[in-house]
Amino acid sequence: MNNSYYIKQINVVNEGSITNTNLYVSDGMFKEIGDFIIPDNAIVIDVQVHFRDPGLIHKADLYTESCAAVAGGVTSFIDMPNTLPNVLSIDLLEEKYTIASQKSIANFGFLLGVNSDN
C-alpha cells in the first residue's frame with residue numbers, strides 16, 4: 001500500500017502568507033513543499049487532460065497522448081468530455097473506455113459531460 005501522496009497546486013497558509021505550491025506527503029508527514037517535486041516511485045495522476053479520441057484524432061489520439069503522458073512520468077489520467085462529439089451519454093462514455101482499452105498505455109478514467117439535455 002502506497003502511503004505517499006503528491007498534491008499539485010495547493011494553497012499553503014503559513015505565518016500569514018498564502019503560497020500556491022506543491023506538497024509531498026509520506027506516512028502522514030509533510031516531506032517536501034516546493035514548485036518542482038518528483039518523489040521516488042511516484043504515482044502521478046493527471047486529473048484533467050484534453051485528449052482527442054473520438055473525433056479529433058488528426059491532432060493526436062489516446063495512444064500518442066498516453067505515450068507522452070507516460071514519458072513525462074504520468075501513470076494515470078482522467079480525460080475531459082470535450083471531444084467531437086462531446087461525451088454527454090453513457091454510450092459515448094463506454095465508447096471512450098473501449099477506445100482507451102485498445103490504445104492507452106497508461107491507466108485511464110473519463111468524465112461525463114452534462115448539459116441541459118441530459
# chains A, B, ... in the order shown; residues from 1 in each chain; ligands from 1
>>> residues_around(residues="Thr98 of chain A", least_positions_apart="3", cutoff="12 Å", atoms="only C-alpha atoms", output="list in words")
Asp53, Pro54, Leu62, Asp91, Leu92, Leu93, Glu94, Glu95, Ser101, Gln102, Lys103, Ser104, Phe108, Gly109 and Phe110 of chain A
>>> residues_around(residues="Ala60 of chain A", least_positions_apart="6", cutoff="12 Å", atoms="only C-alpha atoms", output="list in words")
His50, Phe51, Arg52, Asp53, Pro54, Ser66, Cys67, Ala68, Thr83 and Lys103 of chain A
>>> select_by_dssp(residues="segment 6-79 of chain A", states="alpha helix (DSSP H)", output="JSON, numbers by chain")
{"A": [62, 63, 64, 65, 66, 67, 68, 69, 70, 71]}
>>> write_last_selection(atoms="C-alpha atoms", output="mmCIF file, in the first residue's frame")
data_model
loop_
_atom_site.group_PDB
_atom_site.id
_atom_site.type_symbol
_atom_site.label_atom_id
_atom_site.label_comp_id
_atom_site.auth_asym_id
_atom_site.auth_seq_id
_atom_site.Cartn_x
_atom_site.Cartn_y
_atom_site.Cartn_z
ATOM 1 C CA LEU A 62 -5.208 8.123 -26.973
ATOM 2 C CA TYR A 63 -2.129 6.141 -27.930
ATOM 3 C CA THR A 64 0.100 9.111 -28.739
ATOM 4 C CA GLU A 65 -1.170 11.189 -25.816
ATOM 5 C CA SER A 66 -0.808 8.354 -23.304
ATOM 6 C CA CYS A 67 2.740 7.717 -24.586
ATOM 7 C CA ALA A 68 3.565 11.382 -23.986
ATOM 8 C CA ALA A 69 1.993 11.254 -20.527
ATOM 9 C CA VAL A 70 3.969 8.164 -19.515
ATOM 10 C CA ALA A 71 7.184 9.691 -20.886
#
>>> closest_atom_pairs(of="segment 33-98 of chain A", to="segment 7-14 of chain A", cutoff="10 Å", atoms="only C-alpha atoms", output="JSON lines")
{"residue": "A:Ile33", "atom": "CA", "partner": "A:Val12", "partner_atom": "CA", "distance": 9.1}
{"residue": "A:Gly34", "atom": "CA", "partner": "A:Lys8", "partner_atom": "CA", "distance": 9.6}
{"residue": "A:Asp35", "atom": "CA", "partner": "A:Gln9", "partner_atom": "CA", "distance": 8.5}
{"residue": "A:Phe36", "atom": "CA", "partner": "A:Lys8", "partner_atom": "CA", "distance": 9.4}
{"residue": "A:Ile37", "atom": "CA", "partner": "A:Lys8", "partner_atom": "CA", "distance": 9.3}
{"residue": "A:Val44", "atom": "CA", "partner": "A:Ile7", "partner_atom": "CA", "distance": 9.4}
{"residue": "A:Ile45", "atom": "CA", "partner": "A:Ile7", "partner_atom": "CA", "distance": 9.8}
{"residue": "A:Asp46", "atom": "CA", "partner": "A:Lys8", "partner_atom": "CA", "distance": 9.8}
>>> closest_residue(among="A:Tyr5, A:Lys59, A:Val49, A:Ile105", to="Pro81 of chain A", atoms="only C-alpha atoms")
A:Val49
>>> residues_around(residues="Tyr24 of chain A", least_positions_apart="4", cutoff="6 Å", atoms="only C-alpha atoms", output="PyMOL selection string")
chain A and resi 5-6+31-32
>>> atom_distance(atom1="atom CA of Met80 of chain A", atom2="atom CA of Val114 of chain A")
11.5 Å
>>> select_by_dssp(residues="chain A", states="strand (DSSP E or B)", output="MDAnalysis selection string")
chainID A and resid 4:14 17:26 29:34 45:49 76:79 107:110
>>> closest_residue(among="A:Leu84, A:Ala106, A:Ala42, A:Ile57", to="Val25 of chain A", atoms="only C-alpha atoms")
A:Ala42
>>> closest_residue(among="A:Asn107, A:Ser89, A:Thr19, A:Ser26", to="Phe77 of chain A", atoms="only C-alpha atoms")
A:Asn107
